[in-house]
>>> print(open('model-v2.cif').read())   # mmCIF, C-alpha atoms
data_structure
loop_
_atom_site.label_atom_id
_atom_site.label_comp_id
_atom_site.auth_asym_id
_atom_site.auth_seq_id
_atom_site.Cartn_x
_atom_site.Cartn_y
_atom_site.Cartn_z
CA MET A 22 168.60 183.41 187.53
CA GLU A 23 167.83 186.34 185.20
CA ASP A 24 171.12 188.08 186.03
CA LEU A 25 173.11 184.88 185.46
CA ALA A 26 171.28 184.25 182.21
CA THR A 27 172.09 187.76 181.01
CA PHE A 28 175.75 187.41 181.98
CA LEU A 29 176.13 184.06 180.22
CA SER A 30 174.31 185.31 177.13
CA LYS A 31 176.61 188.31 176.83
CA SER A 32 179.65 186.11 177.47
CA LEU A 33 178.68 183.69 174.71
CA MET A 34 178.02 186.47 172.23
CA SER A 35 181.31 188.17 173.09
CA TRP A 36 183.20 184.93 172.67
CA VAL A 37 181.67 184.11 169.31
CA VAL A 38 182.55 187.62 168.08
CA ILE A 39 186.15 187.01 169.14
CA GLN A 40 186.14 183.66 167.33
CA VAL A 41 184.81 185.25 164.16
CA CYS A 42 187.44 188.01 164.27
CA LEU A 43 190.32 185.57 164.81
CA THR A 44 189.08 183.38 161.98
CA LEU A 45 188.85 186.38 159.65
CA VAL A 46 192.44 187.33 160.52
CA PHE A 47 193.53 183.79 159.65
CA ILE A 48 191.62 183.80 156.36
CA TRP A 49 193.07 187.21 155.48
CA TYR A 50 196.56 185.77 156.03
CA LEU A 51 195.78 182.77 153.85
CA ARG A 52 194.59 185.00 151.02
CA SER A 53 197.19 187.76 151.31
CA SER A 54 200.31 185.60 151.60
CA LYS A 55 202.25 185.31 148.36
CA LYS A 56 204.56 182.48 147.46
CA LYS A 57 208.17 183.61 147.14
CA LEU A 58 209.98 180.50 145.99
CA LEU A 59 213.75 180.41 145.70
CA PRO A 60 215.34 179.29 142.40
CA ASP A 61 217.19 175.99 142.32
CA ASP A 62 220.65 177.50 142.74
CA GLN A 63 219.61 179.22 146.01
CA LEU A 64 217.92 176.24 147.62
CA PRO A 65 220.14 174.64 150.30
CA LYS A 66 220.75 170.92 150.55
CA THR A 67 218.08 169.52 152.85
CA ALA A 68 217.55 166.38 154.89
CA VAL A 69 213.92 165.29 155.21
CA ILE A 70 213.48 163.19 158.35
CA LEU A 71 210.56 160.80 158.80
CA CYS A 72 210.34 158.77 162.03
CA LEU A 73 208.22 155.63 161.84
CA ARG A 74 206.64 153.30 164.40
CA GLY A 75 203.79 151.28 162.96
CA ALA A 76 202.30 151.39 159.48
CA ASP A 77 200.19 154.54 159.27
CA PRO A 78 197.09 154.21 157.03
CA PHE A 79 198.49 156.15 154.08
CA LEU A 80 202.22 155.47 154.58
CA PRO A 81 202.93 154.23 151.01
CA ARG A 82 201.38 157.36 149.55
CA CYS A 83 203.25 159.54 152.05
CA LEU A 84 206.56 157.99 151.01
CA ARG A 85 205.85 158.29 147.29
CA SER A 86 205.01 161.96 147.70
CA LEU A 87 208.23 162.60 149.63
CA LEU A 88 210.34 160.80 147.00
CA ASN A 89 208.99 162.94 144.16
CA GLN A 90 209.71 166.46 145.31
CA ASN A 91 210.46 169.35 142.98
CA TYR A 92 213.68 170.16 144.82
CA PRO A 93 217.27 169.99 143.53
CA GLN A 94 219.20 168.58 146.51
CA TYR A 95 217.47 166.61 149.24
CA ASP A 96 217.70 163.23 150.90
CA LEU A 97 214.97 161.35 152.75
CA LYS A 98 216.15 159.89 156.06
CA LEU A 99 213.84 157.20 157.46
CA ILE A 100 214.28 156.12 161.07
CA VAL A 101 212.16 153.03 161.73
CA ASP A 102 211.58 151.80 165.26
CA SER A 103 212.91 148.31 164.46
CA HIS A 104 213.48 145.88 161.60
CA GLU A 105 210.37 143.92 162.59
CA ASP A 106 208.17 147.01 162.51
CA PRO A 107 205.45 146.83 159.80
CA ALA A 108 206.66 150.18 158.50
CA TRP A 109 210.05 148.70 157.56
CA LYS A 110 208.59 146.33 154.95
CA ILE A 111 206.28 149.00 153.50
CA ALA A 112 209.08 151.57 153.31
CA SER A 113 211.51 149.12 151.69
CA GLU A 114 208.95 148.07 149.07
CA THR A 115 208.05 151.68 148.26
CA ILE A 116 211.71 152.67 147.88
CA THR A 117 212.24 149.76 145.48
CA GLU A 118 209.07 150.60 143.55
CA GLN A 119 210.17 154.22 143.14
CA GLU A 120 213.79 153.26 142.32
CA ALA A 121 214.80 156.02 144.71
CA THR A 122 218.47 156.76 145.28
CA ASN A 123 218.11 159.74 147.62
CA VAL A 124 216.76 157.81 150.60
CA GLN A 125 218.33 156.04 153.56
CA ILE A 126 216.42 153.74 155.91
CA SER A 127 217.84 152.97 159.34
CA PRO A 128 216.57 151.35 162.54
CA LEU A 129 216.45 153.26 165.80
CA ARG A 130 219.74 152.15 167.36
CA ILE A 131 219.48 153.73 170.82
CA VAL A 132 216.15 153.74 172.64
CA ARG A 133 216.69 156.61 175.08
CA ASN A 134 215.04 156.30 178.47
CA ASN A 135 214.67 160.06 179.07
CA CYS A 136 212.70 161.21 176.02
CA SER A 137 210.08 159.99 173.56
CA LEU A 138 210.91 157.49 170.83
CA LYS A 139 210.31 160.16 168.19
CA CYS A 140 212.77 162.50 169.87
CA SER A 141 215.28 159.62 170.06
CA SER A 142 214.85 159.06 166.33
CA LEU A 143 215.19 162.75 165.49
CA VAL A 144 218.36 163.12 167.55
CA GLN A 145 219.87 160.05 165.85
CA ALA A 146 219.01 161.29 162.35
CA VAL A 147 220.25 164.86 162.89
CA ARG A 148 223.49 163.89 164.62
CA GLU A 149 224.38 161.62 161.68
CA LEU A 150 224.10 164.45 159.12
CA ASP A 151 227.27 165.91 157.64
CA ASP A 152 227.90 169.63 157.21
CA SER A 153 226.59 169.69 153.64
CA TYR A 154 223.00 169.68 154.93
CA LYS A 155 221.94 173.26 155.64
CA VAL A 156 218.28 172.57 156.45
CA VAL A 157 216.46 169.82 158.31
CA ALA A 158 212.81 169.20 157.43
CA LEU A 159 210.55 167.09 159.64
CA VAL A 160 207.47 165.27 158.39
CA ASP A 161 204.95 162.81 159.84
CA ALA A 162 203.68 159.59 158.29
CA ASP A 163 200.13 160.97 158.06
CA THR A 164 201.32 163.75 155.75
CA ILE A 165 200.77 163.40 152.00
CA VAL A 166 202.49 166.32 150.33
CA HIS A 167 202.44 167.94 146.90
CA MET A 168 205.49 168.24 144.64
CA ASN A 169 206.42 171.76 145.75
CA TRP A 170 206.02 171.00 149.47
CA LEU A 171 209.73 171.04 150.29
CA ARG A 172 210.48 174.06 148.08
CA GLU A 173 207.64 176.04 149.72
CA LEU A 174 208.76 174.91 153.19
CA VAL A 175 212.43 175.83 152.76
CA SER A 176 212.18 179.06 150.72
CA PRO A 177 211.09 181.35 153.63
CA LEU A 178 214.22 180.31 155.55
CA GLY A 179 216.11 182.62 153.22
CA ASP A 180 214.94 185.42 155.55
CA ALA A 181 217.49 185.75 158.35
CA LYS A 182 214.71 186.51 160.85
CA VAL A 183 212.94 183.20 160.19
CA GLY A 184 214.26 180.32 162.27
CA ALA A 185 211.66 177.72 161.34
CA THR A 186 208.82 177.26 158.87
CA THR A 187 205.74 175.14 159.31
CA GLY A 188 202.34 174.12 157.96
CA ASN A 189 199.46 172.37 159.69
CA ARG A 190 197.08 169.44 159.30
CA TRP A 191 193.43 169.72 158.32
CA TYR A 192 191.11 166.80 158.98
CA VAL A 193 188.09 166.07 156.81
CA PRO A 194 184.55 166.25 158.28
CA THR A 195 183.18 163.39 156.19
CA GLY A 196 184.42 160.40 158.20
CA LYS A 197 182.20 157.58 159.42
CA TYR A 198 183.17 157.81 163.11
CA TRP A 199 181.98 160.50 165.54
CA GLY A 200 185.52 160.64 166.87
CA SER A 201 186.70 161.79 163.45
CA LEU A 202 184.12 164.57 163.40
CA VAL A 203 184.97 165.72 166.94
CA ARG A 204 188.67 165.75 166.05
CA TYR A 205 187.86 167.80 162.96
CA ALA A 206 185.83 170.37 164.93
CA GLY A 207 188.50 170.71 167.61
CA ASN A 208 191.24 171.06 165.00
CA VAL A 209 189.45 174.00 163.36
CA ALA A 210 190.13 176.08 166.47
CA THR A 211 193.60 174.56 166.99
CA VAL A 212 194.84 175.55 163.52
CA VAL A 213 193.87 179.18 164.11
CA GLN A 214 195.42 179.19 167.60
CA MET A 215 198.70 177.73 166.37
CA PHE A 216 198.88 180.37 163.65
CA LEU A 217 198.27 183.21 166.11
CA PHE A 218 200.78 181.90 168.67
CA GLN A 219 203.40 180.88 166.06
CA ILE A 220 203.34 177.26 167.23
CA PRO A 221 205.06 174.90 164.77
CA TRP A 222 203.62 171.53 163.77
CA GLY A 223 206.10 168.65 163.61
CA GLY A 224 204.25 167.07 160.70
CA THR A 225 205.57 169.78 158.37
CA LEU A 226 208.48 171.70 159.83
CA ALA A 227 211.84 172.99 158.59
CA VAL A 228 214.70 174.54 160.54
CA LYS A 229 218.20 175.60 159.54
CA THR A 230 220.90 173.27 160.84
CA GLU A 231 222.87 176.23 162.16
CA VAL A 232 219.80 177.19 164.21
CA LEU A 233 219.65 173.67 165.64
CA ARG A 234 223.23 174.05 166.84
CA GLN A 235 222.91 177.67 167.92
CA THR A 236 219.81 177.08 170.05
CA GLU A 237 220.97 173.69 171.41
CA LEU A 238 217.58 172.35 170.38
CA LEU A 239 218.94 168.80 170.08
CA ASP A 240 219.83 168.83 173.78
CA LYS A 241 216.22 169.72 174.56
CA TRP A 242 214.89 166.96 172.33
CA GLU A 243 217.01 164.47 174.27
CA GLN A 244 214.91 165.23 177.38
CA ALA A 245 211.46 165.92 175.95
CA LEU A 246 208.16 164.21 175.19
CA GLY A 247 207.70 166.12 171.92
CA GLU A 248 209.70 168.16 169.45
CA ASP A 249 207.58 171.03 168.13
CA PHE A 250 205.66 173.11 170.71
CA MET A 251 208.83 174.02 172.62
CA MET A 252 210.44 175.58 169.56
CA HIS A 253 208.52 178.85 169.75
CA ASN A 254 210.08 179.98 173.03
CA ILE A 255 213.53 178.65 172.16
CA LEU A 256 213.63 180.47 168.82
CA LYS A 257 212.13 183.62 170.32
CA LYS A 258 215.00 183.82 172.84
CA HIS A 259 217.36 183.99 169.88
CA GLY A 260 215.33 186.63 168.05
CA LEU A 261 213.95 184.20 165.48
CA GLN A 262 210.41 183.70 164.19
CA VAL A 263 208.29 180.70 163.26
CA LYS A 264 206.82 181.28 159.79
CA PHE A 265 203.49 179.65 158.93
CA VAL A 266 203.21 178.79 155.22
CA PRO A 267 199.51 178.77 154.15
CA SER A 268 200.03 176.48 151.16
CA LEU A 269 201.28 173.77 153.54
CA LEU A 270 197.89 173.03 155.08
CA ILE A 271 197.85 169.26 154.62
CA VAL A 272 194.63 167.25 154.37
CA ASN A 273 194.44 164.23 156.69
CA ARG A 274 191.89 161.55 155.82
CA GLU A 275 192.55 159.20 158.72
CA GLU A 276 189.72 158.12 161.03
CA THR A 277 189.39 157.72 164.79
CA ASP A 278 186.68 156.68 167.22
CA LEU A 279 185.75 158.59 170.37
CA PHE A 280 187.50 156.18 172.74
CA ASN A 281 190.88 156.47 171.01
CA LEU A 282 190.39 160.19 170.47
CA ILE A 283 189.96 160.83 174.20
CA ASP A 284 193.21 159.01 174.94
CA ASP A 285 194.99 161.03 172.24
CA LEU A 286 193.55 164.29 173.54
CA LYS A 287 194.65 163.59 177.12
CA ARG A 288 198.18 163.06 175.85
CA LEU A 289 197.96 166.21 173.73
CA MET A 290 196.67 168.28 176.67
CA LEU A 291 199.51 167.05 178.89
CA TYR A 292 201.96 167.82 176.11
CA SER A 293 200.47 171.32 175.72
CA ARG A 294 200.65 171.95 179.46
CA LEU A 295 204.33 171.04 179.41
CA TYR A 296 205.48 172.94 176.33
CA HIS A 297 202.81 175.31 174.98
CA PRO A 298 204.12 178.89 175.36
CA ARG A 299 200.60 180.19 175.97
CA TRP A 300 199.19 177.42 178.16
CA LEU A 301 197.27 179.84 180.40
CA ALA A 302 195.71 181.47 177.35
CA LEU A 303 194.74 178.01 176.18
CA VAL A 304 193.06 177.31 179.52
CA SER A 305 191.20 180.63 179.35
CA GLU A 306 189.98 179.76 175.88
CA ALA A 307 188.82 176.38 177.15
CA VAL A 308 186.85 178.01 179.96
CA SER A 309 185.18 180.36 177.50
CA SER A 310 184.38 177.76 174.85
CA ILE A 311 183.51 174.82 177.13
CA LEU A 312 182.33 176.02 180.53
CA PHE A 313 180.06 178.88 179.43
CA PRO A 314 178.00 177.03 176.79
CA THR A 315 177.73 173.93 179.00
CA THR A 316 176.47 176.08 181.86
CA VAL A 317 173.92 177.63 179.51
CA ILE A 318 172.62 174.17 178.56
CA ILE A 319 172.28 173.24 182.23
CA LEU A 320 170.41 176.48 182.97
CA ILE A 321 168.09 175.93 180.01
CA LEU A 322 167.10 172.53 181.39
CA LYS A 323 166.73 173.97 184.90
CA SER A 324 164.55 176.83 183.64
CA LEU A 325 162.30 174.45 181.73
CA LEU A 326 161.88 172.22 184.78
CA GLU A 327 161.02 175.23 186.94
CA ALA A 328 158.68 176.67 184.27
CA LYS A 329 160.76 179.87 183.96
CA TRP A 330 159.87 180.30 180.33
CA GLU A 331 161.33 183.78 179.82
CA ALA A 332 164.78 182.80 181.08
CA ALA A 333 164.64 179.55 179.11
CA THR A 334 163.71 181.42 175.92
CA VAL A 335 166.53 183.96 176.31
CA LEU A 336 169.11 181.27 177.02
CA LEU A 337 167.91 178.95 174.27
CA SER A 338 167.91 181.75 171.70
CA CYS A 339 171.37 182.82 172.73
CA TYR A 340 172.74 179.28 172.60
CA GLY A 341 171.14 178.71 169.20
CA VAL A 342 172.74 181.85 167.75
CA TYR A 343 176.08 180.93 169.32
CA THR A 344 176.08 177.38 167.91
CA VAL A 345 174.94 178.39 164.43
CA ALA A 346 177.59 181.13 164.37
CA LEU A 347 180.30 178.58 165.20
CA LEU A 348 178.97 176.30 162.48
CA LEU A 349 179.19 179.16 159.97
CA VAL A 350 182.77 179.84 161.07
CA MET A 351 183.62 176.18 160.46
CA LEU A 352 181.97 176.17 157.03
CA VAL A 353 183.62 179.39 155.88
CA LEU A 354 187.03 178.15 157.00
CA GLU A 355 186.36 174.76 155.41
CA LEU A 356 185.67 176.41 152.04
CA GLU A 357 188.85 178.46 152.35
CA ILE A 358 190.96 175.39 153.14
CA GLN A 359 189.40 173.56 150.19
CA ARG A 360 190.61 176.42 147.99
CA VAL A 361 194.16 175.89 149.29
CA VAL A 362 193.87 172.13 148.79
CA ARG A 363 192.64 172.51 145.21
CA SER A 364 195.65 174.68 144.49
CA ASN A 365 197.95 172.04 145.97
CA ASN A 366 196.32 169.30 143.91
CA GLN A 367 197.73 170.97 140.81
CA ALA A 368 201.18 170.10 142.12
CA MET A 369 200.68 166.53 143.30
CA PRO A 370 203.39 163.96 142.58
CA ILE A 371 203.02 161.36 139.86
CA GLY A 372 200.23 158.85 140.27
CA LYS A 373 196.60 159.33 141.05
CA PRO A 374 195.70 162.93 142.01
CA LEU A 375 194.66 163.54 145.60
CA HIS A 376 191.19 164.95 145.00
CA VAL A 377 189.44 167.29 147.38
CA TYR A 378 187.05 165.21 149.45
CA ALA A 379 183.37 165.12 148.55
CA LYS A 380 181.33 168.26 148.95
CA LEU A 381 179.61 168.68 152.29
CA SER A 382 176.16 167.14 152.30
CA ALA A 383 173.21 168.36 154.39
CA ALA A 384 173.66 165.30 156.63
CA THR A 385 177.31 166.14 157.25
CA ILE A 386 176.47 169.76 158.08
CA ILE A 387 173.86 168.58 160.60
CA LYS A 388 176.47 166.26 162.13
CA MET A 389 178.88 169.20 162.34
CA LEU A 390 176.22 171.15 164.24
CA ILE A 391 175.77 168.29 166.70
CA ALA A 392 179.54 167.89 166.96
CA ILE A 393 179.98 171.42 168.35
CA PRO A 394 178.63 170.72 171.87
CA LEU A 395 179.99 167.15 171.73
CA THR A 396 183.47 168.51 170.98
CA GLN A 397 183.24 170.94 173.88
CA TRP A 398 182.36 168.15 176.32
CA VAL A 399 185.00 165.73 174.99
CA TYR A 400 187.73 168.38 175.10
CA GLY A 401 186.60 169.52 178.54
CA PHE A 402 186.82 165.97 179.84
CA ALA A 403 190.25 165.52 178.26
CA ILE A 404 191.58 168.75 179.79
CA LEU A 405 190.36 167.84 183.27
CA SER A 406 191.69 164.29 182.97
CA SER A 407 195.11 165.49 181.80
CA LEU A 408 195.61 167.54 184.97
CA TRP A 409 196.06 164.38 187.04
CA ILE A 410 197.83 162.01 184.67
CA SER A 411 201.57 161.46 184.88
CA THR A 412 201.81 158.44 182.57
CA VAL A 413 200.95 158.49 178.88
CA THR A 414 200.91 155.72 176.30
CA TRP A 415 201.52 156.24 172.59
CA ARG A 416 201.55 153.39 170.06
CA GLY A 417 202.10 150.85 172.82
CA VAL A 418 204.92 152.75 174.54
CA SER A 419 204.44 154.18 178.04
CA TYR A 420 206.16 157.23 179.52
CA ARG A 421 206.13 158.65 183.04
CA VAL A 422 206.17 162.45 182.89
CA GLN A 423 207.07 164.52 185.95
CA GLY A 424 208.01 167.71 184.14
CA PRO A 425 208.86 169.06 180.68
CA TRP A 426 212.45 167.82 180.98
CA ASN A 427 211.79 164.88 183.28
CA VAL A 428 210.49 162.10 181.04
CA ARG A 429 211.09 158.41 181.65
CA LEU A 430 210.39 155.51 179.31
CA VAL A 431 208.40 153.02 181.42
CA GLU A 432 207.67 150.24 178.97
CA TYR A 433 208.99 149.54 175.49
CA ARG A 434 208.49 146.77 172.96
CA PRO A 435 208.84 146.70 169.19
CA TYR A 436 205.68 147.41 167.21
CA GLN A 437 204.10 144.35 165.57
CA TRP A 438 201.67 143.67 162.74
CA LEU A 439 199.13 142.51 165.33
CA ASP A 440 199.17 146.01 166.84
CA GLN A 441 197.70 147.48 163.64
CA PRO A 442 194.02 148.61 163.83
CA ILE A 443 191.43 146.41 162.13
CA ASP A 444 190.15 149.41 160.14
CA SER A 445 193.00 150.31 157.80
CA LYS A 446 192.01 154.00 157.80
CA VAL A 447 192.12 154.45 161.59
CA SER A 448 194.96 156.54 163.02
CA LEU A 449 197.54 154.63 165.04
#
>>> encode(input="model-v2.cif", output="structure tokens")
Amino acid sequence: MEDLATFLSKSLMSWVVIQVCLTLVFIWYLRSSKKKLLPDDQLPKTAVILCLRGADPFLPRCLRSLLNQNYPQYDLKLIVDSHEDPAWKIASETITEQEATNVQISPLRIVRNNCSLKCSSLVQAVRELDDSYKVVALVDADTIVHMNWLRELVSPLGDAKVGATTGNRWYVPTGKYWGSLVRYAGNVATVVQMFLFQIPWGGTLAVKTEVLRQTELLDKWEQALGEDFMMHNILKKHGLQVKFVPSLLIVNREETDLFNLIDDLKRLMLYSRLYHPRWLALVSEAVSSILFPTTVIILILKSLLEAKWEAATVLLSCYGVYTVALLLVMLVLELEIQRVVRSNNQAMPIGKPLHVYAKLSAATIIKMLIAIPLTQWVYGFAILSSLWISTVTWRGVSYRVQGPWNVRLVEYRPYQWLDQPIDSKVSL
């Protein structure tokens, strides 16, 4: 018991040191990166593509922010799942309200049976573009951007070595559901991992149209469950990089409960297993951050039951230091992201400013502390569950997945108003 306790204690301390170092590298990048924005005459004509199925909680605000970009030549291409989709009415009303002329809204005309609906929509939108569009930018409906979003996303593509640029989402820790807090805690680690592995996020992503053709990325999308994770390896084969833009960390205020979160995580884990270029590294990280601390908790309880006070004290002290250290990492990174968000708020589109969420209260910090072990258990369960699933459901659509390029649409129906969550702030 003593030898195992010593081994686990050292493992936990080593892992938290690694976590701290990786977080410091990420923060250093956030602080050291300088914006190099291209002037208007050097910015290429860009198509911004937004694929919609269902009315996301902040869809009107998302659309308004996209229609008020500080960018000389761009068009917003909306691909809505169907005319009867709730998003169609919201999008049409927002376009009319904004009197926008640089937007086109179209239904998804071909529901492909061998890829996801989003990939079907992306392929349709890109294949309809003429040669005047030099850049394609992808965005999700849960993304509310500032006025310089597109300029900051496209400018780094001026470097011939950069094939794609991206940002990432940042959830808030002040939601009312435990699922929201667990998603926040898990995303803290995910954002750092995606930066280190150069994994793009489809919610804010730009790629040159010539790169799309050169890499035959569209052909891959026609067979895939998702569009973004695969891009790292494809671009790397062509000597191109994925550039993370720090100012494009986008705050997401949507909510989720634990039940829906687990379903989402199982789908995400399957998606990662299929397309993540460092899946084995991801599994190793999961073992370190989930298995070790959980084993320590079990041994603490066992030691207490067997009256092995010395072993229990060592393990409890170690676990306490480990958990508090992770909490401090979360808080430090949270403060750094708030700095980025405050800077972005100075460039929000017309209308009400998107304020930084309320300062963290003592109650929220205590919840964050509790969320650390809860997140480890929820993610551990999701990883194990994803190893045996071959069918996933997303927004009422089911897919059977037998490989990264072997995806079959099992069940499809148009999205309806009755499918919308009762809580208007809950993620679809």
>>> closest_residue(input="model-v2.cif", among="A:Met34, A:Val183, A:Val361, A:Leu29", to="A:Val263", atoms="only C-alpha atoms")
A:Val183
>>> resolve_selection(input="model-v2.cif", expression="the PyMOL selection byres ((chain A and resi 436) around 9)", output="list in words")
Arg74, Gly75, Asp102, Ser103, Glu105, Asp106, Pro107, Arg416, Gly417, Arg434, Pro435, Gln437, Trp438, Leu439, Asp440 and Gln441 of chain A
>>> atom_distance(input="model-v2.cif", atom1="atom CA of A:His253", atom2="atom CA of A:Ser153")
25.9 Å
>>> resolve_selection(input="model-v2.cif", expression="the PyMOL selection byres ((chain A and resi 296-300) around 9)", output="PyMOL selection string")
chain A and resi 218+220+247+249-254+291-295+301-305+425
>>> resolve_selection(input="model-v2.cif", expression="the PyMOL selection byres ((chain A and resi 214) around 12)", output="ChimeraX atom specification")
/A:40,43-44,46-47,189,207-213,215-222,265,297-300,302-303,306-307
>>> atom_distance(input="model-v2.cif", atom1="atom CA of A:Ile358", atom2="atom CA of A:Tyr205")
12.8 Å
>>> residues_around(input="model-v2.cif", residues="A:Leu64", least_positions_apart="4", cutoff="12 Å", atoms="only C-alpha atoms", output="CSV table (one decimal) with C-alpha atoms, in the frame of the given file")
chain,number,residue,atom,x,y,z
A,58,LEU,CA,210.0,180.5,146.0
A,59,LEU,CA,213.8,180.4,145.7
A,60,PRO,CA,215.3,179.3,142.4
A,91,ASN,CA,210.5,169.4,143.0
A,92,TYR,CA,213.7,170.2,144.8
A,93,PRO,CA,217.3,170.0,143.5
A,94,GLN,CA,219.2,168.6,146.5
A,95,TYR,CA,217.5,166.6,149.2
A,154,TYR,CA,223.0,169.7,154.9
A,155,LYS,CA,221.9,173.3,155.6
A,156,VAL,CA,218.3,172.6,156.4
A,171,LEU,CA,209.7,171.0,150.3
A,172,ARG,CA,210.5,174.1,148.1
A,173,GLU,CA,207.6,176.0,149.7
A,174,LEU,CA,208.8,174.9,153.2
A,175,VAL,CA,212.4,175.8,152.8
A,176,SER,CA,212.2,179.1,150.7
A,177,PRO,CA,211.1,181.4,153.6
A,178,LEU,CA,214.2,180.3,155.6
A,179,GLY,CA,216.1,182.6,153.2
A,229,LYS,CA,218.2,175.6,159.5
>>> atom_distance(input="model-v2.cif", atom1="atom CA of A:Ile391", atom2="atom CA of A:Glu331")
24.9 Å
>>> residues_around(input="model-v2.cif", residues="A:Val335", least_positions_apart="3", cutoff="8 Å", atoms="only C-alpha atoms", output="PyMOL selection string")
chain A and resi 26+30+331-332+338-339
>>> residues_around(input="model-v2.cif", residues="A:Pro442", least_positions_apart="3", cutoff="12 Å", atoms="only C-alpha atoms", output="count of residues only")
18
>>> residues_near_point(input="model-v2.cif", point="(196.7, 162.1, 186.9)", cutoff="12 Å", atoms="all atoms listed in the file", output="number ranges by chain")
A: 287-288, 290-291, 403-413, 421-423
